[in-house]
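Have a look at run09.cif; it's mmCIF, C-alpha atoms:
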data_upload
loop_
_atom_site.label_atom_id
_atom_site.label_comp_id
_atom_site.auth_asym_id
_atom_site.auth_seq_id
_atom_site.Cartn_x
_atom_site.Cartn_y
_atom_site.Cartn_z
CA MET A 15 124.74 22.14 52.75
CA THR A 16 126.12 18.64 52.47
CA VAL A 17 124.75 15.64 54.21
CA ALA A 18 127.02 13.51 56.32
CA GLY A 19 124.78 10.52 56.87
CA ALA A 20 126.72 9.01 59.72
CA SER A 21 126.23 12.07 61.85
CA LEU A 22 122.64 12.77 60.89
CA GLY A 23 120.89 13.26 64.22
CA LEU A 24 117.42 11.82 64.00
CA ASN A 25 117.03 11.78 67.75
CA MET A 26 116.36 15.21 69.11
CA THR A 27 118.30 16.14 72.22
CA ASP A 28 116.55 17.97 75.04
CA GLY A 29 118.56 21.08 74.13
CA GLU A 30 117.37 20.91 70.50
CA PHE A 31 113.81 20.39 71.69
CA GLU A 32 114.05 23.54 73.77
CA LEU A 33 115.31 25.55 70.78
CA PHE A 34 112.36 24.50 68.62
CA GLN A 35 109.91 24.72 71.50
CA ALA A 36 110.87 28.35 72.06
CA TYR A 37 110.76 29.05 68.34
CA ILE A 38 107.27 27.56 67.88
CA GLU A 39 106.02 29.46 70.91
CA ARG A 40 107.40 32.71 69.48
CA GLU A 41 106.09 32.14 65.97
CA CYS A 42 102.67 30.65 66.63
CA ALA A 43 102.18 30.86 70.39
CA MET A 44 101.91 27.12 70.78
CA LYS A 45 103.37 25.85 74.01
CA LEU A 46 104.30 22.23 73.54
CA GLY A 47 105.66 20.34 76.54
CA ILE A 48 108.49 17.83 76.60
CA ASP A 49 105.83 15.11 76.26
CA LYS A 50 105.42 16.33 72.69
CA LYS A 51 109.08 15.77 71.87
CA TYR A 52 108.12 12.75 69.77
CA LEU A 53 105.94 15.06 67.66
CA PHE A 54 108.80 17.49 67.07
CA GLU A 55 111.12 14.60 66.30
CA SER A 56 108.90 12.78 63.84
CA ARG A 57 107.47 15.86 62.14
CA LEU A 58 110.69 17.84 61.90
CA ALA A 59 112.87 14.88 60.92
CA ARG A 60 111.40 15.02 57.44
CA LEU A 61 112.59 18.61 57.15
CA LEU A 62 116.15 17.47 57.77
CA ALA A 63 115.85 15.51 54.56
CA GLU A 64 114.26 18.37 52.64
CA HIS A 65 116.89 20.85 53.69
CA GLY A 66 119.87 18.53 53.67
CA CYS A 67 120.61 19.14 57.34
CA GLU A 68 122.76 16.92 59.47
CA SER A 69 120.98 17.40 62.77
CA PHE A 70 118.16 19.32 64.38
CA THR A 71 120.73 21.88 65.50
CA ASP A 72 121.71 22.28 61.87
CA LEU A 73 118.05 22.71 60.87
CA TYR A 74 117.63 25.35 63.56
CA ARG A 75 120.72 27.16 62.27
CA THR A 76 119.31 27.07 58.72
CA LEU A 77 116.05 28.43 60.01
CA ARG A 78 117.66 31.29 61.87
CA SER A 79 120.13 32.24 59.17
CA ALA A 80 118.97 35.00 56.89
CA ASP A 81 115.42 34.88 58.24
CA ASN A 82 114.56 31.89 56.10
CA ALA A 83 110.80 32.30 55.51
CA SER A 84 110.46 29.14 53.49
CA VAL A 85 111.96 26.95 56.24
CA ARG A 86 109.88 28.81 58.81
CA ASP A 87 106.66 28.05 56.91
CA ARG A 88 107.60 24.40 56.56
CA ILE A 89 108.29 24.08 60.27
CA ILE A 90 105.07 25.79 61.28
CA ASP A 91 103.20 23.63 58.79
CA ALA A 92 104.79 20.45 60.12
CA ILE A 93 103.97 21.20 63.73
CA THR A 94 100.55 22.79 63.48
CA THR A 95 98.62 20.54 61.12
CA HIS A 96 95.90 18.83 63.11
CA GLU A 97 93.26 16.26 62.49
CA THR A 98 89.76 17.48 61.89
CA LEU A 99 86.47 15.95 60.92
CA TRP A 100 83.01 16.85 59.71
CA PHE A 101 80.62 18.03 62.43
CA ARG A 102 83.14 17.25 65.14
CA ASP A 103 81.46 17.17 68.61
CA ASP A 104 77.86 16.40 67.87
CA GLN A 105 76.44 18.48 70.74
CA SER A 106 78.17 21.66 69.57
CA TRP A 107 76.71 21.30 66.11
CA MET A 108 73.25 20.51 67.43
CA ALA A 109 73.46 23.70 69.52
CA LEU A 110 74.59 25.72 66.51
CA GLN A 111 71.79 24.32 64.38
CA GLU A 112 68.94 24.57 66.86
CA HIS A 113 69.86 27.65 68.86
CA THR A 114 72.83 29.75 67.75
CA ILE A 115 72.19 30.23 64.05
CA PRO A 116 68.47 31.02 64.52
CA GLU A 117 69.41 33.43 67.32
CA LEU A 118 72.00 35.20 65.18
CA ALA A 119 69.45 35.66 62.40
CA ARG A 120 66.82 36.89 64.86
CA GLU A 121 69.17 39.37 66.54
CA ALA A 122 70.43 40.70 63.23
CA ALA A 123 66.85 41.26 62.06
CA LYS A 124 65.94 42.99 65.30
CA ALA A 125 68.96 45.28 65.09
CA LYS A 126 68.49 45.72 61.32
CA ARG A 127 72.03 44.51 60.64
CA SER A 128 72.62 43.36 57.11
CA THR A 129 75.51 41.01 57.89
CA ILE A 130 76.24 38.25 60.37
CA LYS A 131 79.98 37.75 60.60
CA ILE A 132 81.42 34.38 61.57
CA TRP A 133 85.07 33.42 61.96
CA SER A 134 86.34 29.83 61.94
CA ALA A 135 89.70 30.61 63.49
CA ALA A 136 91.72 27.44 62.91
CA CYS A 137 89.98 25.74 60.04
CA SER A 138 92.66 23.22 59.03
CA THR A 139 91.49 21.47 55.84
CA GLY A 140 88.06 23.13 55.84
CA GLN A 141 85.73 20.66 57.55
CA GLU A 142 84.59 23.13 60.22
CA PRO A 143 83.68 26.15 58.04
CA TYR A 144 82.04 23.95 55.42
CA SER A 145 80.03 22.15 58.14
CA LEU A 146 78.90 25.58 59.29
CA ALA A 147 78.04 26.68 55.74
CA MET A 148 75.87 23.57 55.39
CA LEU A 149 73.98 24.37 58.61
CA ILE A 150 73.40 27.95 57.53
CA ASP A 151 72.18 26.87 54.13
CA GLN A 152 69.73 24.43 55.73
CA PHE A 153 68.52 27.12 58.09
CA CYS A 154 67.95 29.61 55.27
CA ARG A 155 66.09 27.05 53.18
CA LYS A 156 63.71 26.35 56.05
CA ASN A 157 63.25 29.99 57.03
CA THR A 158 62.07 31.91 54.06
CA GLY A 159 62.59 35.30 55.71
CA SER A 160 66.30 34.67 56.13
CA ASN A 161 68.95 35.50 53.61
CA VAL A 162 71.93 33.24 53.19
CA GLY A 163 73.90 36.14 51.75
CA GLN A 164 73.88 37.96 55.06
CA PHE A 165 76.06 35.28 56.67
CA THR A 166 79.76 35.70 55.96
CA ILE A 167 82.18 32.98 57.01
CA THR A 168 85.88 33.74 57.15
CA ALA A 169 88.04 30.67 57.76
CA THR A 170 91.71 30.97 58.64
CA ASP A 171 94.63 28.71 59.38
CA ILE A 172 98.36 29.12 59.71
CA SER A 173 99.15 26.12 57.50
CA PRO A 174 99.34 26.84 53.76
CA SER A 175 99.03 23.17 52.82
CA ALA A 176 95.92 22.68 54.95
CA LEU A 177 94.41 25.80 53.35
CA PHE A 178 95.18 24.49 49.89
CA VAL A 179 93.06 21.41 50.61
CA ALA A 180 90.33 23.55 52.21
CA LYS A 181 90.10 25.88 49.23
CA SER A 182 89.98 22.98 46.78
CA GLY A 183 86.83 21.63 48.47
CA ARG A 184 87.76 18.13 47.30
CA TYR A 185 87.91 15.28 49.78
CA ASP A 186 88.77 11.63 49.39
CA ALA A 187 86.74 8.74 50.76
CA ILE A 188 88.73 8.57 53.98
CA SER A 189 88.29 12.27 54.75
CA MET A 190 84.57 11.88 54.02
CA SER A 191 84.29 8.92 56.37
CA ARG A 192 85.52 10.97 59.34
CA GLY A 193 82.66 12.69 61.13
CA PHE A 194 79.14 12.92 59.65
CA GLY A 195 77.49 11.07 62.54
CA ALA A 196 73.90 9.91 62.26
CA ASN A 197 72.58 13.46 62.72
CA TRP A 198 74.53 14.81 59.78
CA GLU A 199 74.57 12.02 57.22
CA HIS A 200 72.00 13.88 55.11
CA MET A 201 74.47 16.77 54.73
CA ARG A 202 76.92 14.54 52.91
CA VAL A 203 74.23 13.55 50.45
CA THR A 204 72.92 17.09 49.96
CA TYR A 205 76.12 19.10 49.66
CA PHE A 206 78.67 16.87 47.95
CA ALA A 207 78.96 15.58 44.43
CA ARG A 208 80.73 12.26 44.38
CA GLN A 209 82.81 11.05 41.49
CA GLY A 210 84.63 7.79 42.15
CA ASN A 211 86.56 8.20 45.38
CA ILE A 212 86.32 11.97 45.42
CA SER A 213 83.60 14.14 46.89
CA THR A 214 83.47 17.80 45.96
CA ILE A 215 81.67 20.37 48.06
CA ASP A 216 78.81 22.22 46.40
CA SER A 217 80.27 25.22 44.60
CA LYS A 218 77.72 27.66 46.06
CA LEU A 219 78.71 26.60 49.56
CA GLN A 220 82.38 26.86 48.66
CA GLU A 221 81.89 30.43 47.49
CA ARG A 222 80.40 31.37 50.84
CA VAL A 223 83.59 30.62 52.76
CA LEU A 224 86.52 32.99 52.48
CA PHE A 225 89.77 31.18 53.31
CA LYS A 226 92.82 33.15 54.43
CA ARG A 227 96.18 32.34 55.91
CA PHE A 228 96.37 33.88 59.35
CA ASN A 229 98.55 33.65 62.45
CA LEU A 230 96.56 33.97 65.67
CA GLN A 231 99.32 36.20 67.03
CA ASP A 232 98.40 38.91 64.51
CA SER A 233 95.77 41.60 65.02
CA PHE A 234 92.13 40.48 64.92
CA ALA A 235 90.95 44.00 64.03
CA PRO A 236 90.26 43.18 60.35
CA PHE A 237 87.64 40.61 61.41
CA ALA A 238 85.60 42.92 63.65
CA PRO A 239 82.76 43.11 64.49
CA LEU A 240 82.07 39.40 64.83
CA ASP A 241 78.86 37.66 65.80
CA LEU A 242 80.27 34.17 66.22
CA VAL A 243 83.78 32.76 66.55
CA LEU A 244 84.68 29.08 66.44
CA LEU A 245 88.05 28.43 68.05
CA ARG A 246 87.82 24.74 68.74
CA ASN A 247 90.56 22.44 69.93
CA VAL A 248 93.26 25.02 69.33
CA ALA A 249 93.70 26.94 72.57
CA ILE A 250 94.84 23.74 74.31
CA TYR A 251 98.16 24.11 72.55
CA PHE A 252 98.75 27.67 73.69
CA SER A 253 100.57 28.91 76.76
CA GLU A 254 98.45 30.32 79.58
CA THR A 255 99.80 33.81 78.93
CA PHE A 256 98.96 33.66 75.25
CA LYS A 257 95.51 32.22 75.98
CA ARG A 258 94.72 35.19 78.24
CA ASP A 259 95.88 37.60 75.56
CA LEU A 260 93.93 35.67 72.93
CA PHE A 261 90.64 35.92 74.82
CA VAL A 262 91.17 39.62 75.54
CA ARG A 263 91.72 40.22 71.84
CA LEU A 264 88.71 38.08 70.93
CA ALA A 265 86.58 40.09 73.34
CA SER A 266 87.61 43.24 71.52
CA VAL A 267 86.31 41.98 68.15
CA ILE A 268 83.20 40.02 69.17
CA ARG A 269 80.18 42.27 69.47
CA PRO A 270 78.40 42.35 72.87
CA GLY A 271 76.01 39.40 72.93
CA GLY A 272 78.09 37.54 70.32
CA LEU A 273 79.27 34.00 70.93
CA LEU A 274 82.55 32.16 71.21
CA VAL A 275 82.59 28.39 70.74
CA LEU A 276 85.54 26.39 72.06
CA GLY A 277 86.27 22.66 71.87
CA SER A 278 84.16 20.47 74.14
CA THR A 279 87.02 19.93 76.60
CA GLU A 280 88.29 23.53 76.59
CA ALA A 281 87.55 26.35 78.98
CA ILE A 282 88.13 30.06 78.72
CA VAL A 283 90.92 31.93 80.49
CA ASP A 284 89.31 35.29 81.04
CA ASP A 285 90.58 37.79 83.56
CA GLY A 286 88.45 40.63 82.29
CA HIS A 287 85.02 39.00 82.71
CA SER A 288 84.43 39.68 79.04
CA PHE A 289 82.67 36.37 78.48
CA SER A 290 80.00 34.48 80.40
CA PRO A 291 79.62 30.73 80.03
CA GLU A 292 76.16 29.80 78.84
CA ARG A 293 74.55 26.42 78.35
CA ILE A 294 73.16 26.27 74.87
CA GLY A 295 71.46 22.98 74.02
CA GLY A 296 73.73 20.21 75.26
CA THR A 297 76.92 22.22 75.32
CA TYR A 298 78.56 25.34 76.71
CA CYS A 299 79.41 28.45 74.73
CA TYR A 300 80.79 31.79 75.87
CA ARG A 301 78.77 34.92 75.39
CA ARG A 302 80.48 38.28 75.03
CA SER A 303 79.29 40.34 77.99
CA ALA A 304 77.76 43.70 77.29
CA ASN A 305 79.73 45.40 80.03
CA GLY A 306 82.91 43.32 80.36
CA ARG A 307 86.30 44.76 79.56
CA MET B 4 104.87 19.90 36.14
CA GLY B 5 103.58 16.35 35.71
CA ARG B 6 100.03 15.36 36.47
CA ILE B 7 100.79 11.88 37.77
CA ILE B 8 101.80 10.87 41.28
CA MET B 9 103.26 7.38 41.50
CA ALA B 10 102.71 5.27 44.61
CA VAL B 11 104.84 2.21 45.14
CA ASP B 12 103.90 -0.12 47.98
CA ASP B 13 103.32 -3.85 48.39
CA SER B 14 100.29 -3.25 50.59
CA ARG B 15 97.07 -3.00 48.61
CA MET B 16 95.45 -1.20 51.49
CA VAL B 17 98.16 1.48 51.57
CA LEU B 18 97.89 1.87 47.80
CA ARG B 19 94.14 2.33 48.10
CA ILE B 20 94.58 5.04 50.73
CA VAL B 21 97.32 6.82 48.81
CA THR B 22 95.44 6.60 45.50
CA SER B 23 92.43 8.21 47.07
CA ALA B 24 94.53 11.05 48.51
CA ILE B 25 96.22 11.63 45.14
CA GLU B 26 92.89 11.86 43.36
CA SER B 27 91.55 14.32 45.91
CA LEU B 28 94.35 16.68 44.92
CA GLY B 29 93.39 16.43 41.26
CA TYR B 30 96.39 14.31 40.29
CA GLN B 31 96.29 11.01 38.48
CA PRO B 32 97.58 8.05 40.48
CA ALA B 33 99.83 5.38 39.00
CA THR B 34 100.62 2.45 41.26
CA ALA B 35 103.11 -0.39 41.47
CA ASN B 36 103.47 -3.02 44.18
CA HIS B 37 107.22 -3.39 44.08
CA GLY B 38 110.29 -1.54 42.88
CA ALA B 39 110.85 -3.44 39.64
CA ALA B 40 107.24 -2.77 38.61
CA ALA B 41 107.76 0.90 39.50
CA LEU B 42 110.75 1.17 37.16
CA GLU B 43 108.71 -0.42 34.36
CA LEU B 44 105.87 1.97 35.06
CA LEU B 45 108.27 4.91 34.87
CA GLU B 46 109.17 3.87 31.33
CA GLN B 47 105.52 4.38 30.40
CA VAL B 48 104.51 7.44 32.39
CA GLY B 49 107.76 8.87 33.79
CA HIS B 50 107.64 12.01 31.64
CA ASP B 51 104.43 13.06 33.39
CA VAL B 52 105.27 12.13 36.99
CA ALA B 53 105.30 14.96 39.55
CA LEU B 54 106.15 12.91 42.65
CA ILE B 55 106.93 9.33 43.65
CA LEU B 56 105.86 7.90 47.02
CA LEU B 57 108.10 4.96 47.69
CA ASP B 58 107.72 2.34 50.39
CA TRP B 59 110.91 1.08 52.00
CA ASN B 60 110.20 -2.63 52.48
CA MET B 61 109.05 -4.32 49.30
CA PRO B 62 109.68 -7.63 47.55
CA GLU B 63 111.58 -7.87 44.25
CA LEU B 64 113.33 -4.52 44.52
CA ASP B 65 113.13 -2.64 47.82
CA GLY B 66 112.64 1.10 48.26
CA LEU B 67 116.30 1.98 48.56
CA ALA B 68 117.35 0.01 45.46
CA THR B 69 114.45 1.55 43.54
CA LEU B 70 115.36 5.05 44.72
CA THR B 71 118.98 4.49 43.70
CA ALA B 72 117.91 3.29 40.25
CA ILE B 73 115.61 6.31 39.80
CA LYS B 74 118.29 8.81 40.84
CA GLN B 75 120.87 7.20 38.56
CA ASP B 76 118.65 7.50 35.50
CA SER B 77 118.99 11.03 34.14
CA ARG B 78 115.44 10.88 32.74
CA TRP B 79 113.91 10.46 36.21
CA ALA B 80 116.57 11.85 38.55
CA SER B 81 114.79 15.19 38.98
CA ILE B 82 111.45 13.67 40.05
CA PRO B 83 111.03 14.25 43.80
CA VAL B 84 110.74 11.08 45.85
CA MET B 85 109.01 10.76 49.22
CA MET B 86 110.19 7.72 51.14
CA VAL B 87 107.55 6.05 53.29
CA THR B 88 109.00 4.26 56.29
CA THR B 89 107.80 2.85 59.57
CA GLU B 90 108.89 4.54 62.76
CA SER B 91 111.30 1.66 63.49
CA GLU B 92 112.98 2.24 60.12
CA ARG B 93 113.55 5.93 60.71
CA LYS B 94 117.27 5.54 60.79
CA SER B 95 117.10 4.18 57.26
CA ILE B 96 116.31 7.68 56.13
CA ILE B 97 120.00 8.54 56.49
CA THR B 98 120.75 6.14 53.68
CA ALA B 99 117.76 7.36 51.70
CA ILE B 100 118.94 10.97 51.94
CA GLN B 101 122.35 9.96 50.65
CA ALA B 102 120.60 8.19 47.78
CA GLY B 103 118.70 11.35 46.87
CA ALA B 104 115.38 11.30 48.76
CA ARG B 105 114.32 14.75 49.89
CA HIS B 106 111.02 13.95 51.56
CA TYR B 107 109.74 11.27 53.83
CA LEU B 108 106.64 10.18 55.63
CA THR B 109 106.49 7.90 58.63
CA LYS B 110 103.95 5.10 58.93
CA PRO B 111 101.41 5.02 60.40
CA PHE B 112 100.24 8.29 58.87
CA SER B 113 96.83 9.88 58.96
CA ASN B 114 95.01 10.58 55.76
CA GLN B 115 95.19 14.30 56.48
CA ASP B 116 98.91 14.12 57.13
CA LEU B 117 99.44 12.27 53.85
CA ILE B 118 97.47 14.82 51.84
CA THR B 119 99.12 17.86 53.40
CA ARG B 120 102.56 16.25 52.96
CA ILE B 121 101.93 15.77 49.25
CA VAL B 122 100.75 19.38 49.01
CA GLU B 123 103.96 20.51 50.73
CA CYS B 124 106.20 18.38 48.53
CA LEU B 125 104.62 19.75 45.39
CA GLY B 126 104.69 23.29 46.72
CA LEU B 127 100.96 23.63 45.99
CA GLY B 128 100.18 25.68 49.08
CA ASP B 129 102.98 28.20 48.50
#
Using the file provided, produce a representation of the structure as C-alpha cells.
Amino acid sequence: MTVAGASLGLNMTDGEFELFQAYIERECAMKLGIDKKYLFESRLARLLAEHGCESFTDLYRTLRSADNASVRDRIIDAITTHETLWFRDDQSWMALQEHTIPELAREAAKAKRSTIKIWSAACSTGQEPYSLAMLIDQFCRKNTGSNVGQFTITATDISPSALFVAKSGRYDAISMSRGFGANWEHMRVTYFARQGNISTIDSKLQERVLFKRFNLQDSFAPFAPLDLVLLRNVAIYFSETFKRDLFVRLASVIRPGGLLVLGSTEAIVDDGHSFSPERIGGTYCYRRSANGR
Amino acid sequence: MGRIIMAVDDSRMVLRIVTSAIESLGYQPATANHGAAALELLEQVGHDVALILLDWNMPELDGLATLTAIKQDSRWASIPVMMVTTESERKSIITAIQAGARHYLTKPFSNQDLITRIVECLGLGD
C-alpha cells in the first residue's frame, strides 16, 4: 500500500472511532467510550506508519482484509497495554500478606490439597505476579511447615510485548522506582540483583511464575480449580455485559471459599450471588460462595 | 539482528530514560545528542544497530534530515527508525513516513510504553 502523505488522516473521525471501538470490544471485550478517542488516535496512529496506511479507515480495511492476525495483534497490543507497578495498592498487598496467603496455606493443609492455584489474570509486564511470588516466598521462609512448591502462579496477558518484558524479569531503574512503598522496600533488596541500571528478578522466583498469552474472552476451564484470582484494574475497561459474563465464568473456576481480588476502586457485577464481599485487613475481596450459582 | 539500539535526542534526561529501557531489554545503547553526531556514530557501530530512536527537534541536524540521510545511505537504509515526536508535532509524522520512518512514539511517553514499543518494533514478543 502506498502512502499519500497529504491525505494521511491522523485525526480519527467519530465514524472511524466507532469502527475500532466495536472491533476492540469484539476482540478483547474492552468497552472504551468516546472520551477515550484520544487514546485510539495516539496509539493507533503509530500503526498507520507501520502499515503504510493513509487513514484510520485504511488501517481498518487492512485489518479486516484476509483476517490479518499480525495487524490484529498490533492493534490489541497498542490499546491494551497499561501501566503497572510493584505492590500496587498497599492495602491489598498487606491483606494478601497477613491474611490471604496464610489462609490459603491453612485451608490447603486442612483439606490435604497438594497445590494452591493462583491466577494473575492481566499481568502486563509482570509486576503483579512477581510481587505475589515475593510474598509467598517470604511466607514460606517464615513458616517452616509450608512448602513454596505447592503454590502455582499462572500469569496471563493479551499483550505479547508486555509478556516479553514479564518473562525476561529484567527491569530498568524507572520501572523499579514505581511502587515498592515503605512496606515493601525490603523486597527490592531481597529479590533483585542489580547491575548498573538494570535489576533482575531472582531466578528461583522467576521460575515459579508461568506466563502465558491469554484473551479473557477465552475459556477459563484450563485454569480450574483456582484458590485465588487477581483481576485488578482490568474490569473497568469492560462492558457491563462482558463483566457479568466474566464473573460468572470466574465463579465456575474458583473453588468454593476461594478469593477474587479486584482493583481498589472496582466492584463486582454478580447476578448469580456467586461471590460475597468480605473485608480482609484494610481492603475488600470477594469470596466464592459455597452455594452460589 | 544487531545488538545495539541507537537513541538520538538533545535532552540528556530523555537519553537517560531511553538508555535504561534499552539496557533492560538486553540491548546495548549508543547515544547521540544531535543528528550529525548520530550519522558519525553510525559509521562506527551501524553494522550492529537493530533500531534507531530519533527525536524530531534537535540542533545541528534535525530528526527529519537525519532520517533522510539514513534512508539514503544503502548501508543503513534497512535499519528501522522510530521517530519520537511531541503530540503537537504529530502531523510531522506524515513527512517522516514519506522519508521512510515506520514507527513512532509520541512524547510524553511512559517508561512502560517505551519498552513495549521497542519490543514491538523489534518483533521480540512475536
Picked residues, the PyMOL selection byres ((chain B and resi 72) around 12), as a PyMOL selection string: chain B and resi 38-39+41-43+45+64-71+73-80+84+102-104
Among listed residues A:Phe261, A:Phe101, A:Phe54, A:Tyr185, nearest Phe289 of chain A (using all atoms listed in the file): A:Phe261
Check: which chain B residues lie within 9 Å of chain A using all atoms listed in the file, as a ChimeraX atom specification: /B:20,23-29,90,93-94,96-101,104-109,113-116,118-123,126-129
Given only C-alpha atoms as the counted atoms, nearest of A:Glu292, A:Arg302, A:Ala43, A:Gly163 to Asp259 of chain A: A:Ala43
7 Å contact set for Ser145 of chain A, all atoms listed in the file, chain neighbours under 4 positions out, as JSON, numbers by chain: {"A": [100, 101, 141, 149]}
Residue contacts of Ile294 of chain A (12 Å, all atoms listed in the file) excluding same-chain residues fewer than 4 positions away, as an NGL selection string: :A and (105-115 or 117 or 273-275 or 298-301)
What are the centre and the three edge lengths of an axis-aligned box that wraps all atoms of segment 116-128 of chain A in the file, given that 4 Å is added to every side, written as JSON and rounded to one decimal in Å?
{"center_x": 69.3, "center_y": 38.4, "center_z": 62.2, "size_x": 14.7, "size_y": 22.7, "size_z": 18.2}
Reference answer for the PyMOL selection byres ((chain B and resi 60) around 12), as a list in words: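 Evaluating the PyMOL selection byres ((chain B and resi 60) around 12) on these coordinates yields Val11, Asp12, Asp13, Ser14, Asn36, His37, Gly38, Leu57, Asp58, Trp59, Met61, Pro62, Glu63, Leu64, Asp65, Gly66, Leu67, Ala68, Thr69, Met86, Val87, Thr88, Thr89, Ser91, Glu92, Ser95 and Lys110 of chain B.
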Distance of atom CA of Ile82 of chain B from atom CA of Arg6 of chain B, expressed in Å to one decimal place: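 Atom CA of Arg6 of chain B sits 12.1 Å away from atom CA of Ile82 of chain B.
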Atom-to-atom span, atom CA of Gly29 of chain A and atom CA of Arg78 of chain A, Å: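 Here the two named atoms are 16.0 Å from each other.
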Who sits within 8 Å of Leu54 of chain B, all atoms listed in the file, same chain under 5 positions skipped, as a PyMOL selection string: chain B and resi 7-9+82-85+125
Quick one: apply the PyMOL selection byres ((chain A and resi 28) around 12) to the file and drop the selected residues here as a PDB file with C-alpha atoms, keeping the file's coordinate frame.
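Result file is result_6.pdb:
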ATOM      1  CA  ASN A  25     117.030  11.780  67.750  1.00  0.00           C
ATOM      2  CA  MET A  26     116.360  15.210  69.110  1.00  0.00           C
ATOM      3  CA  THR A  27     118.300  16.140  72.220  1.00  0.00           C
ATOM      4  CA  GLY A  29     118.560  21.080  74.130  1.00  0.00           C
ATOM      5  CA  GLU A  30     117.370  20.910  70.500  1.00  0.00           C
ATOM      6  CA  PHE A  31     113.810  20.390  71.690  1.00  0.00           C
ATOM      7  CA  GLU A  32     114.050  23.540  73.770  1.00  0.00           C
ATOM      8  CA  LEU A  33     115.310  25.550  70.780  1.00  0.00           C
ATOM      9  CA  PHE A  34     112.360  24.500  68.620  1.00  0.00           C
ATOM     10  CA  GLN A  35     109.910  24.720  71.500  1.00  0.00           C
ATOM     11  CA  GLY A  47     105.660  20.340  76.540  1.00  0.00           C
ATOM     12  CA  ILE A  48     108.490  17.830  76.600  1.00  0.00           C
ATOM     13  CA  ASP A  49     105.830  15.110  76.260  1.00  0.00           C
ATOM     14  CA  LYS A  50     105.420  16.330  72.690  1.00  0.00           C
ATOM     15  CA  LYS A  51     109.080  15.770  71.870  1.00  0.00           C
ATOM     16  CA  TYR A  52     108.120  12.750  69.770  1.00  0.00           C
ATOM     17  CA  PHE A  54     108.800  17.490  67.070  1.00  0.00           C
ATOM     18  CA  GLU A  55     111.120  14.600  66.300  1.00  0.00           C
ATOM     19  CA  PHE A  70     118.160  19.320  64.380  1.00  0.00           C
ATOM     20  CA  THR A  71     120.730  21.880  65.500  1.00  0.00           C
TER      21      THR A  71
END
Separation of atom CA of Phe165 of chain A from atom CA of Lys126 of chain A, in Å and rounded to one decimal: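 Atom CA of Lys126 of chain A lies at a distance of 13.7 Å from atom CA of Phe165 of chain A.
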From A:Thr255, A:Ser69, A:Ser233, A:Thr76, residue lying nearest Ile89 of chain A [all atoms listed in the file]: A:Thr76
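For the set A:Gly159, A:Gly272, A:Gly140, A:Gly195, the residue with the smallest atom-to-atom gap to Gln220 of chain A is A:Gly140, counting all atoms listed in the file.
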Among listed residues A:Asn157, A:Thr170, A:Thr297, A:Gln152, nearest Thr204 of chain A (using only C-alpha atoms):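 Looking at the shortest contact to Thr204 of chain A, the residue is A:Gln152.
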